[in-house]
>>> print(open('coords_2.cif').read())   # mmCIF, C-alpha atoms and all ligand atoms
data_final
#
loop_
_atom_site.label_atom_id
_atom_site.label_comp_id
_atom_site.auth_asym_id
_atom_site.auth_seq_id
_atom_site.Cartn_x
_atom_site.Cartn_y
_atom_site.Cartn_z
CA MET A 590 16.85 5.32 -12.88
CA SER A 591 13.77 6.74 -14.50
CA GLN A 592 11.17 4.29 -15.72
CA ARG A 593 11.37 5.52 -19.27
CA PRO A 594 13.69 3.58 -21.55
CA ASN A 595 16.60 5.40 -23.03
CA ASP A 596 15.99 8.67 -21.26
CA PRO A 597 19.07 10.89 -21.55
CA ALA A 598 18.71 11.78 -17.87
CA ASP A 599 19.64 8.17 -17.13
CA TYR A 600 23.14 8.46 -18.47
CA THR A 601 24.40 11.71 -17.03
CA PRO A 602 24.66 12.56 -13.35
CA PHE A 603 24.68 16.26 -14.18
CA PHE A 604 21.10 16.55 -15.42
CA SER A 605 18.37 14.85 -13.46
CA TYR A 606 14.66 14.96 -12.70
CA ARG A 607 13.81 16.05 -9.18
CA ASP A 608 10.14 15.77 -8.36
CA ASN A 609 9.58 15.42 -12.09
CA ALA A 610 11.31 18.72 -12.86
CA LEU A 611 14.48 18.61 -14.91
CA CYS A 612 17.52 20.17 -13.22
CA CYS A 613 21.04 20.94 -14.34
CA GLU A 614 23.17 20.22 -11.28
CA GLY A 615 21.17 21.94 -8.52
CA VAL A 616 19.25 24.41 -10.68
CA SER A 617 15.83 23.75 -12.15
CA LEU A 618 15.65 24.48 -15.85
CA SER A 619 12.27 26.14 -15.40
CA SER A 620 13.82 28.75 -13.12
CA ILE A 621 16.46 29.53 -15.74
CA ALA A 622 13.79 29.93 -18.42
CA GLU A 623 11.81 32.27 -16.18
CA GLN A 624 14.74 34.57 -15.68
CA ALA A 625 16.62 34.26 -18.93
CA LEU A 626 13.95 33.30 -21.49
CA THR A 627 14.22 30.75 -24.30
CA PRO A 628 15.73 29.40 -26.47
CA ILE A 629 18.81 29.16 -24.32
CA TYR A 630 21.89 26.96 -24.09
CA ILE A 631 22.60 25.63 -20.61
CA TYR A 632 25.90 24.02 -19.65
CA SER A 633 26.91 22.09 -16.57
CA ARG A 634 30.27 23.21 -15.21
CA ALA A 635 30.73 19.99 -13.29
CA SER A 636 30.08 17.91 -16.41
CA ILE A 637 32.76 19.75 -18.40
CA LEU A 638 35.31 19.44 -15.62
CA ALA A 639 34.55 15.76 -15.06
CA ALA A 640 34.96 14.99 -18.76
CA PHE A 641 38.18 16.99 -19.00
CA ARG A 642 39.67 15.35 -15.93
CA GLY A 643 38.52 11.90 -17.00
CA PHE A 644 40.17 12.32 -20.38
CA GLY A 645 43.46 13.39 -18.81
CA HIS A 646 43.29 10.58 -16.28
CA ALA A 647 42.93 8.05 -19.09
CA PHE A 648 46.32 9.14 -20.47
CA ARG A 649 48.05 9.32 -17.07
CA ALA A 650 50.55 6.58 -17.97
CA VAL A 651 52.32 8.69 -20.62
CA PRO A 652 53.50 12.27 -21.04
CA HIS A 653 50.54 14.00 -22.64
CA THR A 654 48.81 17.33 -23.10
CA ILE A 655 45.09 17.74 -23.61
CA CYS A 656 44.48 20.47 -26.17
CA TYR A 657 40.74 21.13 -26.03
CA ALA A 658 39.42 21.76 -29.55
CA VAL A 659 38.15 25.32 -29.27
CA LYS A 660 35.85 24.91 -32.27
CA ALA A 661 33.52 22.64 -30.30
CA ASN A 662 32.45 25.50 -28.05
CA SER A 663 34.46 28.68 -27.81
CA ASN A 664 32.53 30.64 -25.21
CA LEU A 665 35.13 32.62 -23.24
CA SER A 666 33.81 31.41 -19.90
CA LEU A 667 34.17 27.77 -20.93
CA LEU A 668 37.65 28.41 -22.30
CA ARG A 669 38.59 30.08 -19.02
CA LEU A 670 37.14 27.19 -17.04
CA LEU A 671 39.20 24.70 -19.05
CA ALA A 672 42.33 26.85 -18.94
CA ARG A 673 42.10 26.99 -15.15
CA ALA A 674 41.64 23.23 -15.07
CA GLY A 675 44.96 22.94 -16.89
CA SER A 676 43.89 22.49 -20.49
CA SER A 677 45.89 23.48 -23.53
CA PHE A 678 44.04 24.31 -26.74
CA ASP A 679 43.72 23.38 -30.39
CA ILE A 680 42.73 26.27 -32.64
CA VAL A 681 41.85 26.52 -36.31
CA SER A 682 41.69 30.26 -36.91
CA GLY A 683 43.01 33.66 -35.95
CA GLY A 684 39.65 34.25 -34.28
CA GLU A 685 40.11 31.31 -31.95
CA LEU A 686 43.65 32.51 -31.19
CA TYR A 687 42.24 35.93 -30.38
CA ARG A 688 39.72 34.41 -27.96
CA LEU A 689 42.45 32.56 -26.07
CA LEU A 690 44.76 35.56 -25.92
CA GLN A 691 41.87 37.65 -24.58
CA ILE A 692 41.60 35.38 -21.56
CA GLY A 693 45.34 35.30 -21.00
CA VAL A 694 46.20 31.82 -22.32
CA SER A 695 49.87 31.61 -23.16
CA GLY A 696 50.97 30.64 -26.66
CA ARG A 697 52.83 27.72 -25.15
CA ARG A 698 49.44 26.12 -24.57
CA ILE A 699 48.20 26.50 -28.14
CA VAL A 700 48.48 24.28 -31.22
CA PHE A 701 47.25 25.57 -34.56
CA SER A 702 45.49 23.05 -36.83
CA GLY A 703 43.40 23.77 -39.90
CA VAL A 704 43.52 23.23 -43.60
CA GLY A 705 44.24 26.76 -44.78
CA LYS A 706 46.08 29.26 -42.63
CA SER A 707 46.50 32.78 -43.98
CA ARG A 708 49.65 34.86 -43.73
CA GLU A 709 48.02 37.07 -41.12
CA GLU A 710 46.97 34.10 -39.01
CA ILE A 711 50.46 32.62 -39.19
CA ARG A 712 51.95 35.97 -38.25
CA GLU A 713 49.68 36.37 -35.24
CA ALA A 714 50.39 32.84 -34.06
CA LEU A 715 54.14 33.32 -34.43
CA ARG A 716 53.86 36.52 -32.45
CA ALA A 717 52.03 34.58 -29.73
CA ARG A 718 54.84 31.99 -29.78
CA ILE A 719 52.49 29.04 -30.01
CA LEU A 720 53.60 25.51 -29.27
CA LEU A 721 52.99 23.94 -32.68
CA PHE A 722 51.79 24.63 -36.21
CA ASN A 723 50.08 21.61 -37.75
CA VAL A 724 50.80 22.26 -41.41
CA GLU A 725 48.57 20.81 -44.12
CA ALA A 726 50.18 21.84 -47.44
CA GLU A 727 53.60 22.47 -48.92
CA SER A 728 52.78 26.06 -49.75
CA GLU A 729 51.59 26.62 -46.19
CA LEU A 730 54.95 25.34 -44.98
CA GLU A 731 56.71 27.82 -47.30
CA LEU A 732 54.55 30.61 -45.95
CA LEU A 733 55.37 29.56 -42.40
CA ALA A 734 59.10 29.51 -43.19
CA GLU A 735 58.85 32.94 -44.81
CA GLU A 736 57.10 34.46 -41.83
CA ALA A 737 59.45 32.75 -39.38
CA ALA A 738 62.41 34.20 -41.30
CA ARG A 739 60.84 37.64 -41.05
CA VAL A 740 60.83 37.46 -37.25
CA ARG A 741 64.09 35.50 -37.26
CA ARG A 742 62.71 32.72 -35.10
CA PRO A 743 62.27 29.14 -36.32
CA ALA A 744 58.64 28.03 -36.39
CA PRO A 745 57.74 24.91 -34.37
CA ALA A 746 56.08 22.71 -36.97
CA ALA A 747 54.35 19.39 -37.54
CA LEU A 748 52.81 18.02 -40.69
CA ARG A 749 49.28 16.70 -40.57
CA LEU A 750 49.48 13.24 -42.04
CA ASN A 751 46.47 11.98 -43.92
CA PRO A 752 46.66 8.35 -42.83
CA ASP A 753 43.98 7.21 -45.30
CA VAL A 754 41.79 5.95 -42.50
CA GLY A 755 38.20 7.16 -42.56
CA GLY A 756 36.22 7.60 -39.38
CA GLY A 757 33.32 9.68 -38.19
CA GLY A 758 29.62 9.72 -37.53
CA HIS A 759 28.63 11.27 -40.87
CA PRO A 760 30.38 11.78 -44.24
CA HIS A 761 30.58 15.52 -43.51
CA ILE A 762 32.71 14.93 -40.44
CA SER A 763 35.00 12.15 -41.66
CA THR A 764 38.41 13.61 -42.47
CA GLY A 765 41.09 10.93 -42.62
CA SER A 766 40.65 9.21 -46.00
CA HIS A 767 42.75 9.82 -49.07
CA GLN A 768 39.92 11.61 -50.90
CA HIS A 769 39.56 14.21 -48.15
CA LYS A 770 41.07 17.65 -48.29
CA PHE A 771 42.79 17.18 -44.95
CA GLY A 772 46.44 16.54 -44.27
CA ILE A 773 49.22 15.35 -46.56
CA GLY A 774 49.64 11.85 -48.02
CA TRP A 775 52.31 9.47 -46.74
CA ASP A 776 54.97 9.90 -49.46
CA ASP A 777 54.56 13.65 -49.82
CA ALA A 778 54.73 14.13 -46.07
CA MET A 779 57.88 12.04 -45.85
CA ALA A 780 59.48 14.06 -48.66
CA LEU A 781 58.57 17.36 -47.00
CA TYR A 782 59.99 16.34 -43.63
CA THR A 783 63.28 15.37 -45.21
CA ALA A 784 63.44 18.40 -47.48
CA LYS A 785 63.10 20.80 -44.56
CA VAL A 786 65.35 19.07 -42.05
CA GLN A 787 68.09 21.63 -42.60
CA SER A 788 65.78 24.62 -42.88
CA PRO A 789 66.80 27.40 -40.49
CA TRP A 790 63.19 28.53 -40.13
CA ILE A 791 61.25 25.30 -39.79
CA SER A 792 61.88 23.38 -36.63
CA TRP A 793 60.29 19.96 -36.85
CA ARG A 794 58.64 19.27 -33.53
CA GLY A 795 55.86 16.84 -34.30
CA LEU A 796 53.46 14.90 -36.44
CA SER A 797 49.72 15.37 -36.33
CA THR A 798 46.57 13.70 -37.58
CA HIS A 799 42.82 13.81 -37.04
CA ILE A 800 40.63 11.23 -38.75
CA GLY A 801 37.12 12.46 -38.03
CA SER A 802 34.56 13.30 -35.43
CA GLN A 803 31.83 11.46 -33.48
CA ILE A 804 33.75 8.19 -33.96
CA LEU A 805 31.94 5.39 -32.21
CA SER A 806 34.27 2.43 -32.54
CA LEU A 807 37.91 1.84 -31.76
CA ALA A 808 38.66 0.26 -35.14
CA PRO A 809 39.49 3.44 -37.10
CA PHE A 810 41.58 4.77 -34.22
CA ARG A 811 43.43 1.47 -34.09
CA ARG A 812 44.22 1.63 -37.80
CA ALA A 813 45.30 5.26 -37.55
CA VAL A 814 47.66 4.76 -34.59
CA GLY A 815 49.26 1.88 -36.47
CA ARG A 816 49.91 4.07 -39.51
CA ILE A 817 51.17 6.96 -37.39
CA ALA A 818 53.53 4.74 -35.42
CA SER A 819 55.05 3.31 -38.63
CA PHE A 820 55.45 6.79 -40.04
CA VAL A 821 57.15 8.16 -36.95
CA ARG A 822 59.51 5.17 -36.84
CA LEU A 823 60.46 5.77 -40.45
CA LEU A 824 61.05 9.44 -39.74
CA GLN A 825 63.18 8.63 -36.72
CA SER A 826 65.26 6.19 -38.73
CA SER A 827 65.92 8.86 -41.32
CA GLY A 828 67.12 11.27 -38.68
CA VAL A 829 64.01 13.37 -38.05
CA GLY A 830 63.36 13.30 -34.31
CA LEU A 831 60.08 14.61 -32.97
CA SER A 832 58.88 15.83 -29.58
CA PHE A 833 55.13 15.59 -30.16
CA ILE A 834 52.59 13.27 -31.70
CA ASP A 835 49.26 15.02 -32.01
CA PHE A 836 46.54 12.41 -32.45
CA GLY A 837 43.69 14.93 -32.92
CA GLY A 838 40.20 14.48 -31.54
CA GLY A 839 37.19 12.53 -32.67
CA LEU A 840 36.04 10.37 -29.78
CA GLY A 841 32.27 10.08 -30.04
CA VAL A 842 29.62 10.63 -27.40
CA ARG A 843 26.26 9.09 -26.67
CA TYR A 844 23.37 11.17 -27.94
CA THR A 845 20.67 8.47 -28.02
CA SER A 846 21.58 4.81 -28.08
CA GLU A 847 25.16 5.07 -29.33
CA ASN A 848 27.74 3.15 -27.38
CA PRO A 849 31.03 5.02 -27.81
CA PRO A 850 34.31 3.74 -26.39
CA THR A 851 35.23 5.21 -23.04
CA ALA A 852 38.17 7.59 -22.74
CA GLU A 853 40.04 4.77 -20.98
CA GLN A 854 39.47 2.33 -23.85
CA TYR A 855 40.46 4.96 -26.38
CA ALA A 856 43.58 5.91 -24.41
CA LYS A 857 44.63 2.31 -24.09
CA ILE A 858 44.89 1.72 -27.83
CA VAL A 859 46.56 5.09 -28.43
CA ILE A 860 49.10 4.56 -25.67
CA ARG A 861 49.89 1.01 -26.74
CA LYS A 862 51.09 2.11 -30.18
CA LEU A 863 52.22 5.68 -29.70
CA GLY A 864 53.50 5.50 -26.12
CA PRO A 865 56.74 3.65 -26.95
CA LEU A 866 57.84 6.24 -29.51
CA GLY A 867 59.21 8.57 -26.87
CA CYS A 868 57.15 11.62 -27.83
CA ARG A 869 54.67 13.64 -25.78
CA LEU A 870 51.12 12.87 -26.89
CA LEU A 871 48.85 15.75 -27.77
CA LEU A 872 45.12 15.03 -27.79
CA GLU A 873 42.49 17.38 -29.18
CA PRO A 874 39.10 16.30 -27.84
CA GLY A 875 36.21 18.70 -28.33
CA ARG A 876 32.86 16.93 -28.36
CA ALA A 877 33.82 14.45 -25.65
CA ILE A 878 34.54 17.32 -23.25
CA VAL A 879 31.59 19.65 -23.82
CA GLY A 880 29.00 17.72 -25.87
CA PRO A 881 27.12 15.97 -23.08
CA ALA A 882 27.45 19.02 -20.81
CA GLY A 883 24.88 21.11 -22.67
CA ILE A 884 21.20 21.17 -23.39
CA LEU A 885 19.19 23.60 -25.46
CA LEU A 886 16.09 24.73 -23.62
CA THR A 887 13.15 25.67 -25.80
CA ARG A 888 9.49 26.52 -25.30
CA VAL A 889 6.52 25.09 -27.17
CA LEU A 890 4.94 27.82 -29.28
CA HIS A 891 2.15 25.92 -31.00
CA LEU A 892 0.75 22.47 -31.57
CA LYS A 893 -0.97 21.44 -34.72
CA SER A 894 -2.25 18.40 -36.51
CA SER A 895 -2.08 18.23 -40.24
CA TYR A 896 -3.07 15.21 -42.34
CA GLY A 897 -3.00 13.09 -39.22
CA LYS A 898 0.48 14.17 -38.16
CA THR A 899 1.21 16.11 -35.01
CA PHE A 900 3.68 18.96 -35.05
CA ILE A 901 5.14 20.56 -31.95
CA ILE A 902 6.42 23.96 -33.00
CA VAL A 903 9.08 25.26 -30.62
CA ASP A 904 10.89 28.56 -30.28
CA ALA A 905 14.32 27.12 -31.15
CA ALA A 906 15.14 26.48 -34.77
CA MET A 907 17.82 25.25 -37.15
CA ASN A 908 19.57 28.61 -36.90
CA ASP A 909 20.05 27.97 -33.17
CA PHE A 910 21.07 24.33 -33.51
CA ILE A 911 21.84 22.95 -36.93
CA ARG A 912 23.18 19.44 -36.24
CA PRO A 913 19.90 17.63 -37.03
CA ALA A 914 19.53 19.50 -40.34
CA LEU A 915 23.20 19.23 -41.31
CA TYR A 916 24.11 15.71 -40.21
CA ASP A 917 20.76 14.01 -39.59
CA ALA A 918 21.82 13.98 -35.95
CA ILE A 919 19.35 12.67 -33.39
CA HIS A 920 19.28 14.75 -30.23
CA PRO A 921 16.57 13.50 -27.87
CA VAL A 922 13.95 15.90 -26.61
CA THR A 923 12.30 15.48 -23.24
CA PRO A 924 9.81 17.62 -21.32
CA VAL A 925 11.27 19.78 -18.57
CA VAL A 926 8.31 19.01 -16.34
CA ARG A 927 7.15 15.43 -16.48
CA ASN A 928 3.51 14.59 -16.08
CA ALA A 929 1.56 11.40 -16.10
CA GLY A 930 -0.16 12.32 -19.37
CA LYS A 931 -0.43 10.22 -22.49
CA THR A 932 2.51 9.82 -24.82
CA LEU A 933 2.02 10.95 -28.39
CA ARG A 934 4.25 10.87 -31.43
CA ALA A 935 5.12 14.17 -32.98
CA ASP A 936 7.51 16.02 -35.24
CA ILE A 937 9.36 18.62 -33.21
CA VAL A 938 10.06 21.54 -35.49
CA GLY A 939 11.26 25.13 -35.42
CA PRO A 940 9.78 28.29 -36.94
CA VAL A 941 12.31 28.69 -39.77
CA CYS A 942 10.92 28.54 -43.29
CA GLU A 943 12.58 25.31 -44.36
CA THR A 944 11.34 21.74 -44.20
CA GLY A 945 14.78 20.82 -42.89
CA ASP A 946 14.09 22.86 -39.77
CA ALA A 947 13.02 19.82 -37.79
CA PHE A 948 14.73 18.51 -34.68
CA LEU A 949 12.99 15.13 -34.59
CA HIS A 950 10.43 13.18 -36.55
CA ASP A 951 7.77 10.90 -35.09
CA TRP A 952 9.26 11.31 -31.65
CA PRO A 953 7.48 9.84 -28.61
CA ILE A 954 6.78 12.54 -26.06
CA GLN A 955 4.20 13.22 -23.39
CA THR A 956 1.31 15.48 -24.34
CA VAL A 957 2.54 19.06 -24.18
CA GLN A 958 0.87 22.46 -24.32
CA PRO A 959 1.99 25.78 -25.73
CA GLY A 960 4.23 27.37 -23.11
CA ASP A 961 5.71 24.07 -21.93
CA LEU A 962 9.47 23.76 -21.82
CA LEU A 963 11.43 21.09 -23.67
CA ALA A 964 15.08 20.10 -23.40
CA LEU A 965 17.12 19.16 -26.47
CA TRP A 966 19.97 17.02 -25.23
CA GLY A 967 23.67 16.79 -26.01
CA THR A 968 24.04 20.26 -27.46
CA GLY A 969 27.18 21.44 -25.65
CA ALA A 970 29.46 20.80 -28.63
CA TYR A 971 28.92 22.26 -32.10
CA GLY A 972 25.70 23.83 -30.85
CA PHE A 973 25.77 27.56 -30.21
CA ILE A 974 29.01 27.75 -32.14
CA GLN A 975 27.24 26.79 -35.36
CA ALA A 976 24.26 29.06 -34.72
CA SER A 977 23.45 31.73 -37.28
CA ASN A 978 21.09 34.64 -37.74
CA TYR A 979 19.19 32.93 -40.55
CA ASN A 980 15.65 34.28 -40.88
CA SER A 981 16.95 37.30 -38.93
CA ARG A 982 16.69 35.43 -35.69
CA PRO A 983 18.91 36.75 -32.89
CA ARG A 984 21.17 34.04 -31.50
CA PRO A 985 20.26 32.58 -28.10
CA ALA A 986 21.87 33.24 -24.74
CA GLU A 987 24.20 30.82 -22.98
CA VAL A 988 24.15 29.99 -19.30
CA LEU A 989 26.65 28.13 -17.12
CA VAL A 990 25.37 26.26 -14.08
CA ASN A 991 27.63 25.81 -11.10
CA GLY A 992 25.96 23.83 -8.33
CA LYS A 993 22.96 25.80 -7.16
CA VAL A 994 23.65 28.95 -9.15
CA PHE A 995 23.83 29.90 -12.79
CA SER A 996 25.31 32.81 -14.68
CA THR A 997 24.71 34.16 -18.14
CA ILE A 998 27.92 33.68 -20.08
CA ARG A 999 26.59 35.15 -23.31
CA ARG A 1000 23.68 37.50 -23.49
CA ARG A 1001 20.87 36.92 -25.93
CA GLU A 1002 21.27 38.90 -29.13
CA SER A 1003 18.75 41.62 -29.86
CA ASN A 1004 17.24 42.80 -33.10
CA ARG A 1005 19.67 45.70 -32.92
CA ASP A 1006 22.58 43.24 -32.99
CA LEU A 1007 21.23 41.86 -36.23
CA ILE A 1008 21.84 45.09 -38.14
CA ARG A 1009 24.73 46.55 -36.16
CA GLU A 1010 27.40 45.94 -38.79
CA GLU A 1011 25.28 46.97 -41.77
CA LEU A 1012 25.11 50.21 -43.67
CA ARG A 1013 21.95 52.09 -42.78
N1 LIG B 1101 41.16 18.44 -34.02
C1 LIG B 1101 40.91 18.78 -35.30
C2 LIG B 1101 42.02 19.07 -36.19
C3 LIG B 1101 39.58 18.84 -35.76
O1 LIG B 1101 39.33 19.15 -37.02
C4 LIG B 1101 38.51 18.56 -34.85
C5 LIG B 1101 37.13 18.62 -35.30
C6 LIG B 1101 38.83 18.23 -33.53
C7 LIG B 1101 40.16 18.17 -33.15
C8 LIG B 1101 37.79 17.93 -32.49
O2 LIG B 1101 37.06 16.81 -32.81
P1 LIG B 1101 36.01 16.19 -31.76
O3 LIG B 1101 36.80 15.65 -30.61
O4 LIG B 1101 35.11 17.30 -31.33
O5 LIG B 1101 35.32 15.16 -32.54
N2 LIG B 1101 30.41 20.32 -36.65
C9 LIG B 1101 30.53 18.88 -36.61
C10 LIG B 1101 31.89 18.44 -36.09
C11 LIG B 1101 33.05 18.93 -36.90
C12 LIG B 1101 34.38 18.53 -36.31
C13 LIG B 1101 35.49 19.14 -37.06
N3 LIG B 1101 36.79 18.88 -36.52
C14 LIG B 1101 29.41 18.29 -35.76
O6 LIG B 1101 28.56 19.03 -35.28
O7 LIG B 1101 29.34 17.09 -35.62
#
>>> encode(input="coords_2.cif", output="structure tokens", more="lines below")
Ligand code: LLP
Amino acid sequence: MSQRPNDPADYTPFFSYRDNALCCEGVSLSSIAEQALTPIYIYSRASILAAFRGFGHAFRAVPHTICYAVKANSNLSLLRLLARAGSSFDIVSGGELYRLLQIGVSGRRIVFSGVGKSREEIREALRARILLFNVEAESELELLAEEAARVRRPAPAALRLNPDVGGGGHPHISTGSHQHKFGIGWDDAMALYTAKVQSPWISWRGLSTHIGSQILSLAPFRRAVGRIASFVRLLQSSGVGLSFIDFGGGLGVRYTSENPPTAEQYAKIVIRKLGPLGCRLLLEPGRAIVGPAGILLTRVLHLKSSYGKTFIIVDAAMNDFIRPALYDAIHPVTPVVRNAGKTLRADIVGPVCETGDAFLHDWPIQTVQPGDLLALWGTGAYGFIQASNYNSRPRPAEVLVNGKVFSTIRRRESNRDLIREELR
């Protein structure tokens, strides 16, 4: 245990201070910065595998398939790592499908969620013979039937039920209430299932839902599994048998002082209600698998005081990591090399020309100098994947640590990359 309260290094075994220098597994972050520059995303392979295996272990009592939510982090090397560990995948676009096909993942290991699938995306997914389409609108179902008829193969389908249960760490990432665009309401879903029972081109295989993300208590999950179980029972009694119940993702992680349920606690309430229905459970965790496995390494560019406030200006910005700006998310920052210096309170901000480009306000941190390295914690999920080129800033590199070695799994963009697709 470090002596500092609430230090992120205290709650992960995969990042730790050795002789006051922060390491990811057996690699010092300073050595990565020396070779690969900053800002840079760094992921622990062991952390991802441990989370994936832990999640699966929690559901060991029932037939289940973990479909990692590709949107959380779709780097090919991480997808390959998870595929080799036995993961299936949840996708939400043709682009995510393309990524998986590129690394040789079979369609049988892919479920397709998402609120608006295009004809082309449906076509490509049918061609790949995916496991399940989670359909979110009547017209999407018609489109799916049309395309299935074209290839003369019934499409394996589920409806995404909107269970009218809200959950999630921020209004932007809550998806399960009646006012949200996601899924189909109870009565309409029931009507659609029955209407298509005889369809030659829609083969009902499942029911899906997803109520939100970064959910920190079991209560919304409990309400949702109750609703889903009642719905499936009703379906079964009206002659619609299903093979799969896809309960989505959403389990939260600890970024600062949150206290999310464990995978075991989560699994227990899901299994209790959904286990007896005789279907295989599909789970779509994203954040819980990769979130805690990543940090964003950044270097201090400048320090300044203005009207009595201290600003630490770093070389990462909101274009590299947007969660604080978009969801008021708190991701702790700690120095990569600890010293015995005084602690000050500072705003840690990036160089982008927006006031919102701030990672933390009034944050306690040891005195730092330009050139010092800082770690921004918990950035493995929805980090790089939401990065942009705003302010014409090339996107950062990504590195995967495996024990004592690391490899670059995405090279840093260059200025040339910024204009590559534009007319000159
Ligand atoms: N399944 C579906 C259908 C989803 O929409 C999502 C996330 C997941 C699974 C995975 O959820 P997770 O286990 O990661 O919570 N950009 C936001 C998060 C958006 C999540 C959207 N859907 C953030 O940075 O917090």
>>> residues_near_ligand(input="coords_2.cif", ligand="ligand LIG 1101 (chain B)", cutoff="6 Å", atoms="all atoms listed in the file", output="list in words")
Ala658, Ala661, Ser702, Ile762, His799, Ser802, Gln803, Gly837, Gly838, Gly839, Leu840, Glu873, Pro874, Gly875, Arg876, Ala877, Arg912 and Tyr971 of chain A
>>> atom_distance(input="coords_2.cif", atom1="CA of Thr956 in chain A", atom2="CA of Lys898 in chain A")
13.9 Å
>>> residues_around(input="coords_2.cif", residues="Gln768 in chain A", least_positions_apart="6", cutoff="12 Å", atoms="all atoms listed in the file", output="NGL selection string")
:A and (751-755 or 760 or 774)
>>> write_last_selection(input="coords_2.cif", atoms="C-alpha atoms", output="mmCIF file, in the coordinates of the input")
data_model
loop_
_atom_site.group_PDB
_atom_site.id
_atom_site.type_symbol
_atom_site.label_atom_id
_atom_site.label_comp_id
_atom_site.auth_asym_id
_atom_site.auth_seq_id
_atom_site.Cartn_x
_atom_site.Cartn_y
_atom_site.Cartn_z
ATOM 1 C CA ASN A 751 46.470 11.980 -43.920
ATOM 2 C CA PRO A 752 46.660 8.350 -42.830
ATOM 3 C CA ASP A 753 43.980 7.210 -45.300
ATOM 4 C CA VAL A 754 41.790 5.950 -42.500
ATOM 5 C CA GLY A 755 38.200 7.160 -42.560
ATOM 6 C CA PRO A 760 30.380 11.780 -44.240
ATOM 7 C CA GLY A 774 49.640 11.850 -48.020
#
>>> atom_distance(input="coords_2.cif", atom1="CA of Tyr896 in chain A", atom2="CA of Asp909 in chain A")
28.0 Å
>>> closest_atom_pairs(input="coords_2.cif", of="range 797-916 of chain A", to="range 724-736 of chain A", cutoff="12 Å", atoms="only C-alpha atoms", output="tab-separated table")
residue	atom	partner	partner_atom	distance
A:Ser797	CA	A:Val724	CA	8.6
A:Thr798	CA	A:Glu725	CA	9.9
A:His799	CA	A:Glu725	CA	11.5
A:Asp835	CA	A:Val724	CA	12.0
>>> closest_residue(input="coords_2.cif", among="A:Val903, A:Val988, A:Ser620, A:Arg1005", to="Val957 in chain A", atoms="only C-alpha atoms")
A:Val903
>>> residues_near_point(input="coords_2.cif", point="(42.0, 1.4, -23.6)", cutoff="12 Å", atoms="all atoms listed in the file", output="PyMOL selection string")
chain A and resi 644+646-650+806-807+810-811+850-862
>>> closest_residue(input="coords_2.cif", among="A:Val740, A:Ala808, A:Ile878, A:Ile937", to="Val659 in chain A", atoms="all atoms listed in the file")
A:Ile878
>>> residues_around(input="coords_2.cif", residues="Pro924 in chain A", least_positions_apart="6", cutoff="9 Å", atoms="only C-alpha atoms", output="number ranges by chain")
A: 610-611, 954-955, 957, 961-964
>>> atom_distance(input="coords_2.cif", atom1="CA of Met907 in chain A", atom2="CA of Tyr630 in chain A")
13.8 Å
>>> closest_residue(input="coords_2.cif", among="A:Asn1004, A:Thr899, A:Ser792, A:Gln624", to="Leu949 in chain A", atoms="only C-alpha atoms")
A:Thr899
>>> residues_around(input="coords_2.cif", residues="Trp966 in chain A", least_positions_apart="3", cutoff="9 Å", atoms="only C-alpha atoms", output="list in words")
Pro597, Tyr844, Pro881, Ala882, Gly883, Ile884, Leu885, Leu886, His920, Pro921, Val922, Thr923 and Gly969 of chain A
>>> write_last_selection(input="coords_2.cif", atoms="C-alpha atoms", output="mmCIF file, in the frame of the given file")
data_model
loop_
_atom_site.group_PDB
_atom_site.id
_atom_site.type_symbol
_atom_site.label_atom_id
_atom_site.label_comp_id
_atom_site.auth_asym_id
_atom_site.auth_seq_id
_atom_site.Cartn_x
_atom_site.Cartn_y
_atom_site.Cartn_z
ATOM 1 C CA PRO A 597 19.070 10.890 -21.550
ATOM 2 C CA TYR A 844 23.370 11.170 -27.940
ATOM 3 C CA PRO A 881 27.120 15.970 -23.080
ATOM 4 C CA ALA A 882 27.450 19.020 -20.810
ATOM 5 C CA GLY A 883 24.880 21.110 -22.670
ATOM 6 C CA ILE A 884 21.200 21.170 -23.390
ATOM 7 C CA LEU A 885 19.190 23.600 -25.460
ATOM 8 C CA LEU A 886 16.090 24.730 -23.620
ATOM 9 C CA HIS A 920 19.280 14.750 -30.230
ATOM 10 C CA PRO A 921 16.570 13.500 -27.870
ATOM 11 C CA VAL A 922 13.950 15.900 -26.610
ATOM 12 C CA THR A 923 12.300 15.480 -23.240
ATOM 13 C CA GLY A 969 27.180 21.440 -25.650
#
>>> closest_residue(input="coords_2.cif", among="A:Ile629, A:Val694, A:Leu892, A:Ala640", to="Ala906 in chain A", atoms="all atoms listed in the file")
A:Ile629
>>> closest_residue(input="coords_2.cif", among="A:Cys613, A:Ile621, A:Cys942, A:Ala717", to="Ser633 in chain A", atoms="all atoms listed in the file")
A:Cys613
>>> residues_near_point(input="coords_2.cif", point="(20.8, 37.3, -32.3)", cutoff="8 Å", atoms="all atoms listed in the file", output="list in words")
Ser977, Asn978, Ser981, Arg982, Pro983, Arg984, Pro985, Arg1001, Glu1002, Ser1003, Asn1004, Asp1006 and Leu1007 of chain A
>>> closest_residue(input="coords_2.cif", among="A:Leu863, A:Ala947, A:Ile901, A:Ala744", to="Pro913 in chain A", atoms="all atoms listed in the file")
A:Ala947
>>> residues_around(input="coords_2.cif", residues="range 713-716 of chain A", least_positions_apart="2", cutoff="10 Å", atoms="all atoms listed in the file", output="PyMOL selection string")
chain A and resi 682-683+686-687+696+699-701+707-711+718-722+733+736-737+740+742-745
>>> residues_around(input="coords_2.cif", residues="Thr764 in chain A", least_positions_apart="2", cutoff="8 Å", atoms="only C-alpha atoms", output="list in words")
Gly755, Gly756, Gly757, Ile762, Ser766, His769, Lys770, Phe771, His799, Ile800 and Gly801 of chain A
